[in-house]
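Below: input.cif (mmCIF, C-alpha atoms)
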```cif
data_protein
#
loop_
_atom_site.group_PDB
_atom_site.id
_atom_site.type_symbol
_atom_site.label_atom_id
_atom_site.label_comp_id
_atom_site.auth_asym_id
_atom_site.auth_seq_id
_atom_site.Cartn_x
_atom_site.Cartn_y
_atom_site.Cartn_z
ATOM 1 C CA MET O 1283 102.579 35.216 93.222
ATOM 2 C CA LYS O 1284 106.220 35.473 94.317
ATOM 3 C CA GLU O 1285 106.838 38.089 97.005
ATOM 4 C CA LYS O 1286 109.710 40.498 96.400
ATOM 5 C CA THR O 1287 112.374 40.641 99.084
ATOM 6 C CA LEU O 1288 114.376 43.791 99.623
ATOM 7 C CA VAL O 1289 117.823 43.282 101.127
ATOM 8 C CA ILE O 1290 119.636 46.289 102.593
ATOM 9 C CA ARG O 1291 123.354 45.789 103.133
ATOM 10 C CA ARG O 1292 126.693 47.582 103.160
ATOM 11 C CA ALA O 1293 127.928 48.418 99.677
ATOM 12 C CA GLN O 1294 130.887 46.493 98.319
ATOM 13 C CA GLN O 1295 133.391 47.550 95.657
ATOM 14 C CA GLU O 1296 131.644 45.278 93.125
ATOM 15 C CA ASP O 1297 128.418 47.314 93.604
ATOM 16 C CA LEU O 1298 130.108 50.436 92.279
ATOM 17 C CA PRO O 1299 129.063 50.044 88.604
ATOM 18 C CA ALA O 1300 125.383 49.721 89.634
ATOM 19 C CA ILE O 1301 125.667 52.615 92.110
ATOM 20 C CA THR O 1302 127.264 54.764 89.413
ATOM 21 C CA GLU O 1303 124.608 53.812 86.855
ATOM 22 C CA ILE O 1304 121.794 54.776 89.258
ATOM 23 C CA TYR O 1305 123.497 58.044 90.160
ATOM 24 C CA ASN O 1306 124.303 59.014 86.581
ATOM 25 C CA GLU O 1307 120.682 58.493 85.530
ATOM 26 C CA ALA O 1308 119.715 60.963 88.274
ATOM 27 C CA VAL O 1309 122.441 63.390 87.143
ATOM 28 C CA LEU O 1310 121.130 63.389 83.573
ATOM 29 C CA THR O 1311 117.372 63.420 84.193
ATOM 30 C CA THR O 1312 116.541 64.821 87.650
ATOM 31 C CA ILE O 1313 117.159 67.695 90.041
ATOM 32 C CA SER O 1314 117.979 65.241 92.827
ATOM 33 C CA THR O 1315 121.627 66.221 92.411
ATOM 34 C CA PHE O 1316 123.306 69.336 91.135
ATOM 35 C CA HIS O 1317 126.088 67.452 89.423
ATOM 36 C CA LEU O 1318 125.655 68.364 85.767
ATOM 37 C CA TYR O 1319 127.762 65.634 84.172
ATOM 38 C CA PRO O 1320 127.863 61.866 84.705
ATOM 39 C CA ARG O 1321 130.511 60.618 87.103
ATOM 40 C CA SER O 1322 133.261 58.340 85.858
ATOM 41 C CA LEU O 1323 133.957 55.056 87.570
ATOM 42 C CA GLU O 1324 137.361 56.458 88.616
ATOM 43 C CA GLU O 1325 135.695 59.438 90.344
ATOM 44 C CA GLN O 1326 133.256 57.092 92.017
ATOM 45 C CA VAL O 1327 136.060 54.880 93.350
ATOM 46 C CA ARG O 1328 137.490 57.843 95.292
ATOM 47 C CA TRP O 1329 133.991 58.697 96.550
ATOM 48 C CA PHE O 1330 133.364 55.038 97.520
ATOM 49 C CA GLU O 1331 136.586 54.927 99.512
ATOM 50 C CA SER O 1332 135.500 57.988 101.535
ATOM 51 C CA HIS O 1333 132.613 55.930 102.942
ATOM 52 C CA ASN O 1334 133.617 53.768 105.851
ATOM 53 C CA GLU O 1335 132.288 52.678 109.238
ATOM 54 C CA ARG O 1336 131.782 56.338 110.190
ATOM 55 C CA TYR O 1337 130.004 57.201 106.910
ATOM 56 C CA PRO O 1338 128.077 54.117 105.807
ATOM 57 C CA LEU O 1339 127.189 53.457 102.186
ATOM 58 C CA LEU O 1340 124.289 51.056 101.706
ATOM 59 C CA VAL O 1341 122.655 49.329 98.782
ATOM 60 C CA ALA O 1342 119.176 47.876 98.435
ATOM 61 C CA GLU O 1343 118.974 44.682 96.420
ATOM 62 C CA GLU O 1344 115.966 42.967 94.977
ATOM 63 C CA GLY O 1345 116.494 39.578 93.371
ATOM 64 C CA GLY O 1346 120.255 40.174 93.248
ATOM 65 C CA LEU O 1347 119.887 43.529 91.428
ATOM 66 C CA VAL O 1348 121.066 46.716 93.133
ATOM 67 C CA VAL O 1349 117.942 48.878 92.904
ATOM 68 C CA ALA O 1350 118.994 51.775 95.145
ATOM 69 C CA TRP O 1351 121.752 53.146 97.309
ATOM 70 C CA ALA O 1352 122.034 55.534 100.237
ATOM 71 C CA CYS O 1353 124.787 57.003 102.368
ATOM 72 C CA LEU O 1354 125.727 59.299 105.195
ATOM 73 C CA SER O 1355 128.401 61.885 104.438
ATOM 74 C CA PRO O 1356 130.109 64.599 106.455
ATOM 75 C CA TYR O 1357 128.121 67.830 106.575
ATOM 76 C CA SER O 1358 131.426 69.730 106.452
ATOM 77 C CA ASP O 1359 135.125 68.971 106.732
ATOM 78 C CA ARG O 1360 135.416 71.443 109.632
ATOM 79 C CA GLU O 1361 135.839 69.671 112.968
ATOM 80 C CA GLY O 1362 133.052 71.555 114.737
ATOM 81 C CA TYR O 1363 130.508 69.868 112.435
ATOM 82 C CA GLN O 1364 131.677 66.316 113.215
ATOM 83 C CA TYR O 1365 128.361 65.310 114.804
ATOM 84 C CA THR O 1366 126.223 66.334 111.833
ATOM 85 C CA VAL O 1367 125.895 64.295 108.638
ATOM 86 C CA THR O 1368 123.988 64.586 105.390
ATOM 87 C CA ASP O 1369 122.018 61.828 103.736
ATOM 88 C CA SER O 1370 121.801 60.815 100.080
ATOM 89 C CA ILE O 1371 119.333 58.354 98.574
ATOM 90 C CA TYR O 1372 119.024 57.342 94.942
ATOM 91 C CA VAL O 1373 116.599 54.750 93.565
ATOM 92 C CA ARG O 1374 116.733 53.155 90.118
ATOM 93 C CA ARG O 1375 114.013 54.800 87.988
ATOM 94 C CA GLU O 1376 111.829 51.714 87.536
ATOM 95 C CA PHE O 1377 111.882 50.992 91.285
ATOM 96 C CA ARG O 1378 110.784 54.421 92.508
ATOM 97 C CA ARG O 1379 107.541 54.811 94.476
ATOM 98 C CA GLN O 1380 107.877 51.313 95.966
ATOM 99 C CA HIS O 1381 108.782 52.287 99.547
ATOM 100 C CA ILE O 1382 112.501 51.585 98.959
ATOM 101 C CA GLY O 1383 113.579 55.148 99.759
ATOM 102 C CA TYR O 1384 111.651 54.975 103.024
ATOM 103 C CA GLU O 1385 113.359 51.726 103.992
ATOM 104 C CA LEU O 1386 116.801 53.116 103.185
ATOM 105 C CA LEU O 1387 116.279 56.439 104.965
ATOM 106 C CA SER O 1388 114.892 54.665 108.037
ATOM 107 C CA TYR O 1389 117.995 52.468 108.086
ATOM 108 C CA LEU O 1390 120.288 55.496 107.650
ATOM 109 C CA VAL O 1391 118.646 57.350 110.542
ATOM 110 C CA GLU O 1392 119.178 54.317 112.785
ATOM 111 C CA GLU O 1393 122.795 54.073 111.629
ATOM 112 C CA ALA O 1394 123.279 57.775 112.425
ATOM 113 C CA ARG O 1395 121.901 57.170 115.934
ATOM 114 C CA ARG O 1396 124.117 54.112 116.396
ATOM 115 C CA LEU O 1397 127.129 56.180 115.354
ATOM 116 C CA SER O 1398 126.192 58.885 117.914
ATOM 117 C CA TYR O 1399 125.540 61.672 115.448
ATOM 118 C CA HIS O 1400 123.538 64.610 116.752
ATOM 119 C CA SER O 1401 121.606 65.412 113.569
ATOM 120 C CA VAL O 1402 121.086 64.496 109.932
ATOM 121 C CA VAL O 1403 120.703 67.243 107.330
ATOM 122 C CA ALA O 1404 119.021 66.746 103.959
ATOM 123 C CA ILE O 1405 119.706 69.273 101.211
ATOM 124 C CA ILE O 1406 116.824 68.960 98.739
ATOM 125 C CA ALA O 1407 115.782 70.884 95.624
ATOM 126 C CA SER O 1408 112.478 72.594 96.428
ATOM 127 C CA GLU O 1409 110.838 70.959 93.405
ATOM 128 C CA ASN O 1410 111.814 67.451 94.526
ATOM 129 C CA ILE O 1411 108.489 66.824 96.250
ATOM 130 C CA PRO O 1412 108.915 63.026 96.628
ATOM 131 C CA SER O 1413 112.163 63.524 98.556
ATOM 132 C CA ILE O 1414 110.662 66.289 100.674
ATOM 133 C CA ARG O 1415 107.661 64.094 101.551
ATOM 134 C CA LEU O 1416 109.931 61.155 102.345
ATOM 135 C CA HIS O 1417 112.048 63.201 104.730
ATOM 136 C CA GLU O 1418 109.012 64.799 106.387
ATOM 137 C CA LYS O 1419 107.450 61.344 106.869
ATOM 138 C CA LEU O 1420 110.532 60.368 108.863
ATOM 139 C CA GLY O 1421 110.464 63.472 111.048
ATOM 140 C CA PHE O 1422 112.786 65.829 109.203
ATOM 141 C CA VAL O 1423 111.852 69.495 109.673
ATOM 142 C CA LEU O 1424 112.329 72.324 107.181
ATOM 143 C CA ARG O 1425 115.013 74.640 108.597
ATOM 144 C CA GLY O 1426 115.442 77.036 105.685
ATOM 145 C CA VAL O 1427 115.387 77.707 101.958
ATOM 146 C CA LEU O 1428 118.196 79.138 99.860
ATOM 147 C CA LYS O 1429 116.637 81.007 96.944
ATOM 148 C CA GLU O 1430 118.006 80.100 93.520
ATOM 149 C CA ALA O 1431 121.079 78.387 94.990
ATOM 150 C CA GLY O 1432 121.156 75.717 92.284
ATOM 151 C CA PHE O 1433 121.183 75.971 88.502
ATOM 152 C CA LYS O 1434 120.294 73.005 86.326
ATOM 153 C CA PHE O 1435 118.458 72.363 83.074
ATOM 154 C CA GLY O 1436 118.670 76.074 82.218
ATOM 155 C CA ARG O 1437 116.907 77.394 85.319
ATOM 156 C CA TRP O 1438 117.459 78.492 88.903
ATOM 157 C CA ILE O 1439 116.236 76.163 91.635
ATOM 158 C CA ASP O 1440 115.632 76.866 95.324
ATOM 159 C CA VAL O 1441 117.288 74.491 97.782
ATOM 160 C CA CYS O 1442 115.671 73.408 101.071
ATOM 161 C CA PHE O 1443 117.515 72.381 104.213
ATOM 162 C CA TYR O 1444 115.751 69.717 106.266
ATOM 163 C CA GLN O 1445 117.064 68.428 109.583
ATOM 164 C CA LYS O 1446 116.318 65.554 111.917
ATOM 165 C CA MET O 1447 117.620 65.866 115.460
ATOM 166 C CA LEU O 1448 118.791 62.561 116.909
ATOM 167 C CA SER O 1449 119.748 63.556 120.444
ATOM 168 C CA VAL O 1450 117.743 64.444 123.539
ATOM 169 C CA SER O 1451 116.741 67.859 122.156
ATOM 170 C CA GLU O 1452 114.826 66.154 119.320
ATOM 171 C CA SER O 1453 111.838 68.472 119.769
ATOM 172 C CA SER O 1454 113.928 71.538 118.900
#
```
Would you write out, as structure tokens, the structure that this file holds?
Amino acid sequence: MKEKTLVIRRAQQEDLPAITEIYNEAVLTTISTFHLYPRSLEEQVRWFESHNERYPLLVAEEGGLVVAWACLSPYSDREGYQYTVTDSIYVRREFRRQHIGYELLSYLVEEARRLSYHSVVAIIASENIPSIRLHEKLGFVLRGVLKEAGFKFGRWIDVCFYQKMLSVSESS
């Protein structure tokens, strides 16, 4: 039996069609994102270009196929939030529940530490139990819930804020 090898690396421009395909599937079928309409490749190019050394964008490959992607993004464009980032992780449907999200989030947390961020915030729909469990497994703590902050698929959805402290005050 051939063992599968997962390769995590920085995303390249040529990965953008696969990244967009994975994201658009989530847009159309899940509450993992509150975008309501698929993103065009042109929109994704601008988004891709906003990810740089400070805000890494990663892909996970298996057998040459991009099966997932993850990134760190600014929590806010206001300067006082410069040491806090948010994470995003999206896995191709047929590759979910294979530990790929865990590998990517672990890598992102280490990247956030390396980049001297103070904390990582995850904004997760309350019904997205797999993402909540993943973040909790890696030490993220529930900091609050916004009631009915999102609206998708004809219904209101609560949104949870999870946070992982990366600095000395990690126990807070």
Could you tell me which residues the PyMOL selection byres ((chain O and resi 1413) around 12) grabs in this file, written as a count of residues only? 36
Can you translate the PyMOL selection byres ((chain O and resi 1321) around 10) into the concrete residues it hits in this file, as an MDAnalysis selection string? chainID O and resid 1302:1303 1305:1306 1309 1317:1320 1322:1326
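Distances to Arg1328 (chain O) were evaluated for O:Ser1449, O:Thr1311, O:Gln1295, O:Gln1364 using all atoms listed in the file, and the minimum falls at O:Gln1295.
For the pair CA of Ala1300 (chain O) and CA of Ala1350 (chain O), the separation is 8.7 Å.
In this comparison, which uses all atoms listed in the file, the residue of O:Gln1380, O:Thr1287, O:Ser1388, O:Ser1398 approaching Cys1353 (chain O) most closely is O:Ser1388.
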Between CA of His1400 (chain O) and CA of Leu1448 (chain O), what is the distance, to one decimal in Å? 5.2 Å
When you look at Lys1446 (chain O) with a cut-off of 7 Å (counting all atoms listed in the file), what residues show up, excluding the ones that are within fewer than 4 positions of it in the same chain? I need them as a list in words. Ser1401, Val1402, Val1403, Gly1421, Phe1422 and Val1423 of chain O
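A straight line drawn from CA of Ala1352 (chain O) to CA of Leu1340 (chain O) is 5.2 Å long.
If you measure from each of O:Phe1433, O:Tyr1399, O:Trp1438, O:Tyr1389 to Val1341 (chain O) using all atoms listed in the file, the closest one turns out to be O:Tyr1389.
In terms of minimum interatomic distance to Val1289 (chain O), O:Gly1346 ranks closest within O:Gly1346, O:Gly1362, O:Gly1432, O:Gly1426, counting all atoms listed in the file.
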